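Q: Okay, handing you the structure first.
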Protein chains: 2
Amino acid sequence: MRNTHTVTQRTNKRNGQPVRLVPLGGLGEIGKNMMAIEYGSDIAIIDAGLMFPDEEMLGVDLVLPDTTYLADKLDRIRGIFITHGHEDHIGGLPYLLPRLGFPPIYAAKLTNGLITVKLREQRILDRATLIEIEPGQTIALGQLRVSSVRVNHSIPDALAIVVKTPAGTVVHTGDYKFDYTPVDQAPADIGGLARLGDEGVLVLCGDSTRVESAGHTPSEAVIVETFDEIFSHAEGRILVATFASLISRVQMVVNAAAKYGRQVALVGRSMVNNAQMATELGYLSLPVGMLIRAEDINAVAPSKLVIICTGSQGEPTSALTRIANSDHRLVQIQPGDTVVLSSTPIVGNERAVYHNIDNLMRQGATVLHQGIMRVHVSGHASREELQLMLALLRPRYVVPVHGEYRMLAQHAQLAVKMGVPPEHVVVAQDGDIIEASRDGGIVIVDHMPCGNVYVDGSGVGDIGQVVLRDRRVLSRDGILVVVVTVDSETGQPLAGPDIISRGFVYERESEHLLESARGVVSAAISKHTQGRAHTADWNYIKNKIRDTLGEFLYEQIKRRPMILPLVVEV
Amino acid sequence: MRNTHTVTQRTNKRNGQPVRLVPLGGLGEIGKNMMAIEYGSDIAIIDAGLMFPDEEMLGVDLVLPDTTYLADKLDRIRGIFITHGHEDHIGGLPYLLPRLGFPPIYAAKLTNGLITVKLREQRILDRATLIEIEPGQTIALGQLRVSSVRVNHSIPDALAIVVKTPAGTVVHTGDYKFDYTPVDQAPADIGGLARLGDEGVLVLCGDSTRVESAGHTPSEAVIVETFDEIFSHAEGRILVATFASLISRVQMVVNAAAKYGRQVALVGRSMVNNAQMATELGYLSLPVGMLIRAEDINAVAPSKLVIICTGSQGEPTSALTRIANSDHRLVQIQPGDTVVLSSTPIVGNERAVYHNIDNLMRQGATVLHQGIMRVHVSGHASREELQLMLALLRPRYVVPVHGEYRMLAQHAQLAVKMGVPPEHVVVAQDGDIIEASRDGGIVIVDHMPCGNVYVDGSGVGDIGQVVLRDRRVLSRDGILVVVVTVDSETGQPLAGPDIISRGFVYERESEHLLESARGVVSAAISKHTQGRAHTADWNYIKNKIRDTLGEFLYEQIKRRPMILPLVVEV
């Protein structure tokens with residue numbers, strides 16, 4: 001396998017122009033999926049997702065792909081093709097569309113609906129071009145011919161995107177599994193994939209998320225049985241928390257509610273919006289009279305009610321977290337309630353999810369979650385399915401996508417084990433510029449710096465490593481502001497130093513330490529101003545204050561707060 | 001079941017003096033286990049552990065139990081009994097011993113050894129009294145008779161502690177499982193537990209950690225087979241990362257190394273110290289000549305070497321994390337290395353663990369971890385074992401311990417399912433004062449505030465909620481220091497305002513925003529000082545600056561940094 005660390009010089013072009021693949025997000029991480037596929041002067045983008053920040057990205061709300069590579073190529077972007085309507089595939093659109101010059105967005109019906117809801121919320125819908133596509137339909141864009149094939153995932157209308165170029169065909173699977181008994185829609189179009197394989201696939205970009213799981217991911221139908229069991233036993237209310245975009249799961253709960261004669265209330269803004277949109281588009285079907293308003297839940301007997309809400313990942317402001325904290329306007333837990341967390345905690349969310357479970361149980365609810373009952377199945381292909389995809393498409397080259405490094409590497413190993421020559425498999429990273437042609441091989445020809453673009457509040461991209469590093473220092477040991485007032489004429493200190501601390505120690509209980517710190521600062525100032533005229537170099541003295549006080553505090557209490565010396569000249 | 005939220009008035013004493021149980025840590029959390037068992041004027045403490053901070057506890061290094069309950073009872077503490085030598089049971093000792101007046105510590109041989117290493121490192125060994133105990137041996141302490149029973153866990157010498165009082169017998173299981181084929185020592189003393197049951201147990205305090213797992217936790221012997229498979233296939237070096245205290249796992253790796261003719265190097269300070277101590281005490285046996293120094297690993301052929309190191313949880317300064325980051329003095333990853341992570345990520349550590357795996361694979365190592373291979377088994381009892389413990393002891397009352405709330409609650413449900421009357425089962429929390437007597441029932445009679453004691457640097461207990469709250473604000477959006485210089489005679493501003501930001505925005509790229517902010521502050525100051533004499537109320541004006549600037553920034557950029565107005569009077 002080619003590794004990310006070897007960047008080979010551009011191959012000569014004797015074998016015709018290659019197709020270029022530039023992953024801008026999603027390789028080496030789960031989230032912010034985005035890839036540019038380029039041939040000649042035509043670029044098709046696949047997905048434009050976001051990522052939720054990890055705990056090192058202090059104060060960051062969202063993370064976007066870095067689209068620097070595209071900045072000087074806006075006129076060549078023919079369209080953005082969206083594989084499906086999850087946040088890590090569509091969530092970047094509101095921020096990236098303006099940067100990319102609002103290229104047209106091509107997506108299947110439901111995906112289109114979800115994007116519409118999102119762009120309307122962010123008030124840029126009127127500037128966007130949305131074009132609905134169907135599997136099998138081909139869009140001609142310059143030298144590119146783009147079509148799609150139906151796959152299964154945990155949301156309807158999931159597509160693999162097929163980009164035909166003169167150099168060959170690139171198939172990007174999107175997120176997929178093979179579900180032979182899906183709850184929504186039809187099974188994946190295995191025949192269509194096989195035909196692509198027969199025609200010849202140059203490059204497969206395949207979802208690697210679940211490569212570490214042996215076998216075949218269970219069908220969504222498996223949980224129908226679990227829900228049947230839950231509904232047949234529950235005597236009180238049932239609350240089901242899941243992702244707002246998991247329309248098929250919502251449908252499943254609705255079906256169970258119908259079977260057991262319960263009414264359904266939807267709670268959580270995104271749950272309500274998505275369900276409404278999905279209903280309008282025909283992706284969610286609720287029997288007449290089943291849906292009640294969240295305001296009316298207390299008018300329904302507990303045994304006749306299901307509440308479907310957001311918050312299965314312990315998101316701080318979500319409905320379920322509010323309910324768990326007894327802080328929801330409409331829903332309060334009652335003893336006898338059964339709460340079902342119909343999702344698996346995403347890595348990093350475990351503590352928040354378990355915290356909610358604890359709080360729900362404290363209030364007397366029975367909580368059923370993936371740790372003790374099969375209330376969720378993955379939407380991603382396990383190893384046997386990855387092999388099936390490889391066997392159907394028989395690609396010349398393989399570029400594993402959608403996964404952390406270890407997943408990409410294992411997906412690559414799997415391809416090699418199935419007979420793809422190691423030099424035909426590329427484990428790439430975001431920002432790699434990959435070129436492939438039938439006879440010229442597949443090569444990483446260059447690498448663009450391709451970091452994270454942070455969204456904090458309404459600021460996009462104005463938070464960089466300096467700010468994050470400061471936040472990390474502040475978060476660990478707080479800050480001490482040291483104020484010294486000096487005479488601008490004599491250069492001698494007039495008053496102070498004053499020390500104000502925040503997040504360092506509790507001032508009232510640490511007066512002695514702060515008093516000593518003042519002494520240390522005074523001594524440092526005296527030492528460096530004594531005997532000098534007003535030419536005292538205050539930048540130098542500031543550094544001395546920082547160093548001396550820093551050493552003193554570390555010695556005294558083994559902490560390293562940020563120290564901010566301020567000199568006020570009067 | 002009695003719930004934590006009902007605190008019942010003290011029962012009258014017509015039924016004789018009750019035994020008192022006061023959990024000081026470990027109930028509602030995994031970590032900092034500690035319980036006081038009290039009868040009349042005698043107190044026995046069980047365990048004195050620490051907990052690692054979660055991501056909300058910014059800058060905190062360690063968390064200790066709050067021993068306020070004991071502060072006025074030091075003269076009644078007869079001893080601290082340690083169930084086994086893991087950090088969450090012994091790690092609090094160096095900090096708590098001085099606070100508790102250095103009561104004697106009773107522990108089995110290996111536990112004693114681990115405590116000795118720890119107290120020596122912290123330089124208080126000479127002030128401590130350590131007394132070695134053996135299962136079956138009884139210590140008479142006032143009206144208490146304390147003995148112990150051998151159980152299995154992932155470390156040798158794990159004990160359940162038995163406290164006999166005139167009110168009845170309390171059995172505290174410590175951490176346990178029933179392993180019929182343990183790698184270290186003998187199986188749990190089932191006969192001894194059954195005899196206790198025959199004699200009559202008043203209260204069982206039982207480990208709840210793994211109540212959510214059905215069946216029986218696999219024997220440690222299961223992984224012998226896994227390691228055999230790994231060793232028989234690996235052609236290069238093998239690195240095994242595990243807990244330094246997991247002596248039995250280290251022994252297993254040593255055995256496999258012996259079988260396959262590999263030499264062993266130990267890497268990581270605590271791994272070396274613990275292994276040395278365990279060898280001296282006879283708990284770890286290494287064939288002569290097998291152990292080599294970490295400095296000499298490059299002199300051994302890769303196929304003849306095993307490295308056992310710390311860092312299986314992704315701890316930032318551990319050996320494995322350094323190795324993964326190419327930052328270890330002695331060990332560099334080579335292609336062909338097989339790295340085994342022989343532990344399961346503790347909740348909250350997942351990202352760090354996966355990050356290490358990614359980095360190891362990037363350097364060409366094959367990484368085997370619990371996600372893809374059975375390289376670890378739990379040391380805690382699953383549901384069938386919890387039932388076995390209940391069946392053996394047949395306790396009158398049950399107090400689930402060692403677990404988050406949901407685990408305690410499910411353990412309680414299990415006891416009820418086995419026939420313990422619900423009113424005989426108490427789901428308690430840290431700080432509850434529980435009284436139990438044969439005829440007086442079991443009741444939470446009172447509750448002491450019992451929070452976390454934070455260790456940050458060398459400060460113990462000087463970080464409270466105020467400091468942590470400040471750190472959270474600082475970590476999210478940074479700080480703006482606003483400096484205003486005023487004439488102390490006229491009360492009018494002389495210069496400024498100056499605004500210095502850290503962790504808020506990158507100053508150079510946000511000059512415009514900060515310039516506008518200065519304008520907003522100036523306006524606020526003018527408005528509130530204009531036309532006044534030197535009586536301007538600067539505290540009032542500071543609040544105005546904070547509010548006005550806060551609103552402005554939130555409106556502009558949707559962030560809420562800490563705002564620290566400083567008025568310098570000259």
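Following the order of the structure tokens, first chain is A, next is B, and so on, with residues numbered from 1 inside each chain and ligands from 1 in the order they appear.
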Set the cut-off to 7 Å and count only C-alpha atoms: what are the residues of chain B that reach chain A? Output as a PyMOL selection string.
A: chain B and resi 58-59+212+347-348+350-351+357-358+361+372+405-406+457-459+462-463+467-468+470-472+474-478+502-506+557-559
Q: Write a file of the selected residues as a tab-separated table (two decimals), in the first residue's frame, keeping N, CA, C and O atoms.
A:
```
chain	number	residue	atom	x	y	z
B	58	LEU	N	-11.45	20.91	34.81
B	58	LEU	CA	-10.34	21.47	34.03
B	58	LEU	C	-9.11	21.69	34.90
B	58	LEU	O	-9.18	22.34	35.94
B	59	GLY	N	-8.00	21.17	34.45
B	59	GLY	CA	-6.73	21.40	35.14
B	59	GLY	C	-6.54	20.56	36.39
B	59	GLY	O	-5.51	20.64	37.04
B	212	GLU	N	-24.23	-4.63	34.30
B	212	GLU	CA	-24.93	-4.58	33.02
B	212	GLU	C	-24.53	-5.72	32.07
B	212	GLU	O	-25.10	-5.85	31.00
B	347	VAL	N	-14.15	4.68	30.26
B	347	VAL	CA	-15.00	5.73	29.70
B	347	VAL	C	-14.32	7.09	29.87
B	347	VAL	O	-13.89	7.44	30.95
B	348	GLY	N	-14.21	7.82	28.77
B	348	GLY	CA	-13.54	9.12	28.80
B	348	GLY	C	-12.15	9.06	28.18
B	348	GLY	O	-11.61	10.06	27.74
B	350	GLU	N	-11.41	7.02	25.55
B	350	GLU	CA	-11.48	6.40	24.24
B	350	GLU	C	-10.67	7.16	23.18
B	350	GLU	O	-9.91	6.57	22.42
B	351	ARG	N	-10.89	8.48	23.13
B	351	ARG	CA	-10.21	9.24	22.08
B	351	ARG	C	-8.70	9.12	22.18
B	351	ARG	O	-8.01	8.97	21.18
B	357	ILE	N	-3.48	4.41	18.88
B	357	ILE	CA	-3.55	3.31	17.91
B	357	ILE	C	-3.24	3.84	16.51
B	357	ILE	O	-2.44	3.27	15.76
B	358	ASP	N	-3.89	4.95	16.16
B	358	ASP	CA	-3.65	5.55	14.84
B	358	ASP	C	-2.17	5.85	14.64
B	358	ASP	O	-1.59	5.54	13.60
B	361	MET	N	-0.07	2.73	14.16
B	361	MET	CA	-0.26	2.13	12.83
B	361	MET	C	0.41	2.97	11.74
B	361	MET	O	0.95	2.43	10.79
B	372	ILE	N	-10.90	-5.58	18.43
B	372	ILE	CA	-10.79	-6.57	17.35
B	372	ILE	C	-10.32	-7.93	17.83
B	372	ILE	O	-10.32	-8.88	17.06
B	405	TYR	N	-24.52	5.56	39.19
B	405	TYR	CA	-25.86	5.36	39.74
B	405	TYR	C	-26.61	4.23	39.06
B	405	TYR	O	-27.23	3.40	39.69
B	406	ARG	N	-26.52	4.19	37.72
B	406	ARG	CA	-27.30	3.17	37.01
B	406	ARG	C	-26.86	1.76	37.39
B	406	ARG	O	-27.66	0.83	37.41
B	457	GLY	N	-1.71	20.25	40.79
B	457	GLY	CA	-0.32	20.50	41.16
B	457	GLY	C	-0.10	19.98	42.57
B	457	GLY	O	-0.50	18.85	42.88
B	458	SER	N	0.48	20.81	43.43
B	458	SER	CA	0.67	20.34	44.80
B	458	SER	C	-0.42	20.85	45.73
B	458	SER	O	-0.35	20.66	46.93
B	459	GLY	N	-1.42	21.50	45.16
B	459	GLY	CA	-2.51	21.99	46.00
B	459	GLY	C	-3.59	20.93	46.15
B	459	GLY	O	-4.04	20.36	45.17
B	462	ASP	N	-7.71	23.20	47.30
B	462	ASP	CA	-7.84	24.65	47.16
B	462	ASP	C	-8.52	25.04	45.86
B	462	ASP	O	-8.63	26.22	45.53
B	463	ILE	N	-8.96	24.06	45.09
B	463	ILE	CA	-9.72	24.32	43.86
B	463	ILE	C	-11.18	23.97	44.15
B	463	ILE	O	-11.48	22.84	44.48
B	467	VAL	N	-13.43	28.34	41.06
B	467	VAL	CA	-12.25	28.27	40.19
B	467	VAL	C	-12.57	27.43	38.96
B	467	VAL	O	-12.24	27.80	37.83
B	468	LEU	N	-13.24	26.30	39.14
B	468	LEU	CA	-13.55	25.45	37.99
B	468	LEU	C	-14.52	26.14	37.04
B	468	LEU	O	-14.40	26.00	35.83
B	470	ASP	N	-14.71	29.38	36.55
B	470	ASP	CA	-13.90	30.35	35.81
B	470	ASP	C	-13.10	29.65	34.71
B	470	ASP	O	-13.01	30.15	33.59
B	471	ARG	N	-12.52	28.51	35.04
B	471	ARG	CA	-11.74	27.80	34.01
B	471	ARG	C	-12.62	27.38	32.84
B	471	ARG	O	-12.20	27.40	31.69
B	472	ARG	N	-13.86	27.00	33.15
B	472	ARG	CA	-14.76	26.60	32.05
B	472	ARG	C	-15.05	27.79	31.14
B	472	ARG	O	-15.01	27.68	29.93
B	474	LEU	N	-13.21	30.50	30.77
B	474	LEU	CA	-11.97	30.82	30.08
B	474	LEU	C	-11.71	29.86	28.93
B	474	LEU	O	-11.24	30.24	27.86
B	475	SER	N	-12.01	28.58	29.17
B	475	SER	CA	-11.70	27.56	28.15
B	475	SER	C	-12.59	27.71	26.93
B	475	SER	O	-12.19	27.37	25.83
B	476	ARG	N	-13.80	28.21	27.13
B	476	ARG	CA	-14.73	28.29	26.00
B	476	ARG	C	-14.46	29.48	25.11
B	476	ARG	O	-14.41	29.35	23.89
B	477	ASP	N	-14.30	30.66	25.70
B	477	ASP	CA	-14.19	31.85	24.87
B	477	ASP	C	-13.08	32.79	25.30
B	477	ASP	O	-13.02	33.93	24.84
B	478	GLY	N	-12.21	32.34	26.20
B	478	GLY	CA	-11.07	33.17	26.57
B	478	GLY	C	-11.44	34.35	27.46
B	478	GLY	O	-12.49	34.36	28.10
B	502	ARG	N	-6.99	37.18	25.37
B	502	ARG	CA	-6.28	35.91	25.30
B	502	ARG	C	-7.32	34.80	25.11
B	502	ARG	O	-8.26	34.70	25.89
B	503	GLY	N	-7.14	33.99	24.09
B	503	GLY	CA	-8.05	32.86	23.88
B	503	GLY	C	-9.42	33.27	23.36
B	503	GLY	O	-10.36	32.49	23.38
B	504	PHE	N	-9.53	34.53	22.89
B	504	PHE	CA	-10.84	35.00	22.42
B	504	PHE	C	-10.88	35.02	20.90
B	504	PHE	O	-11.59	34.25	20.26
B	505	VAL	N	-10.09	35.91	20.31
B	505	VAL	CA	-9.89	35.89	18.86
B	505	VAL	C	-8.42	36.14	18.63
B	505	VAL	O	-7.71	36.58	19.53
B	506	TYR	N	-7.96	35.84	17.45
B	506	TYR	CA	-6.58	36.12	17.12
B	506	TYR	C	-6.48	37.61	16.87
B	506	TYR	O	-7.07	38.13	15.91
B	557	ILE	N	-20.46	38.42	17.53
B	557	ILE	CA	-19.72	37.21	17.18
B	557	ILE	C	-20.21	35.98	17.93
B	557	ILE	O	-19.69	34.88	17.79
B	558	LYS	N	-21.27	36.18	18.72
B	558	LYS	CA	-21.92	35.08	19.44
B	558	LYS	C	-20.95	34.34	20.38
B	558	LYS	O	-20.96	33.12	20.46
B	559	ARG	N	-20.08	35.10	21.01
B	559	ARG	CA	-19.20	34.48	22.01
B	559	ARG	C	-19.34	35.21	23.33
B	559	ARG	O	-19.71	36.38	23.37
```
Q: Give me the residues within 8 Å of stretch 67-71 of chain A as a short mmCIF file (atom, residue, chain, number, x, y, z; two decimals) with N, CA and C atoms, in the first residue's frame, counting only C-alpha atoms and dropping any in the same chain fewer than 6 places off.
A:
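File produced: out-v7.cif:
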```cif
data_model
loop_
_atom_site.label_atom_id
_atom_site.label_comp_id
_atom_site.auth_asym_id
_atom_site.auth_seq_id
_atom_site.Cartn_x
_atom_site.Cartn_y
_atom_site.Cartn_z
N LEU A 24 -10.79 16.47 1.20
CA LEU A 24 -10.68 17.70 2.00
C LEU A 24 -11.15 17.49 3.43
N ARG A 99 -18.31 30.41 0.37
CA ARG A 99 -16.89 30.36 0.04
C ARG A 99 -16.64 29.73 -1.33
N LEU A 100 -17.57 28.85 -1.74
CA LEU A 100 -17.36 28.12 -2.99
C LEU A 100 -18.13 28.75 -4.14
N GLY A 431 -6.13 16.59 2.23
CA GLY A 431 -5.19 17.50 1.61
C GLY A 431 -4.26 16.82 0.60
N MET A 448 -1.65 19.48 0.01
CA MET A 448 -2.00 20.84 0.41
C MET A 448 -2.19 20.86 1.91
N CYS A 450 -4.11 21.18 4.99
CA CYS A 450 -5.57 21.01 5.02
C CYS A 450 -5.99 20.73 6.44
#
```
Q: Write out as a PyMOL selection string all residues of stretch 49-118 of chain A that backbone DSSP assigns to strand (DSSP E).
A: chain A and resi 62-65+77-81+105-107
Q: Using only C-alpha atoms, find the one residue out of B:Met35, B:Ala381, B:Val151, B:Ile105 that sits nearest to B:Glu132.
A: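 Of B:Met35, B:Ala381, B:Val151, B:Ile105, the one nearest B:Glu132 is B:Ile105, counting only C-alpha atoms.
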Q: Under the rule that only C-alpha atoms are counted, which of B:Thr116, B:Ser245, B:Asn255, B:Ser343 is the nearest residue to B:Met290?
A: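 Closest candidate: B:Asn255.
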Q: Considering only C-alpha atoms, can you say which of A:Ile346, A:Val19, A:Ile161, A:Ile307 comes closest to A:Ser378?
A: A:Ile346
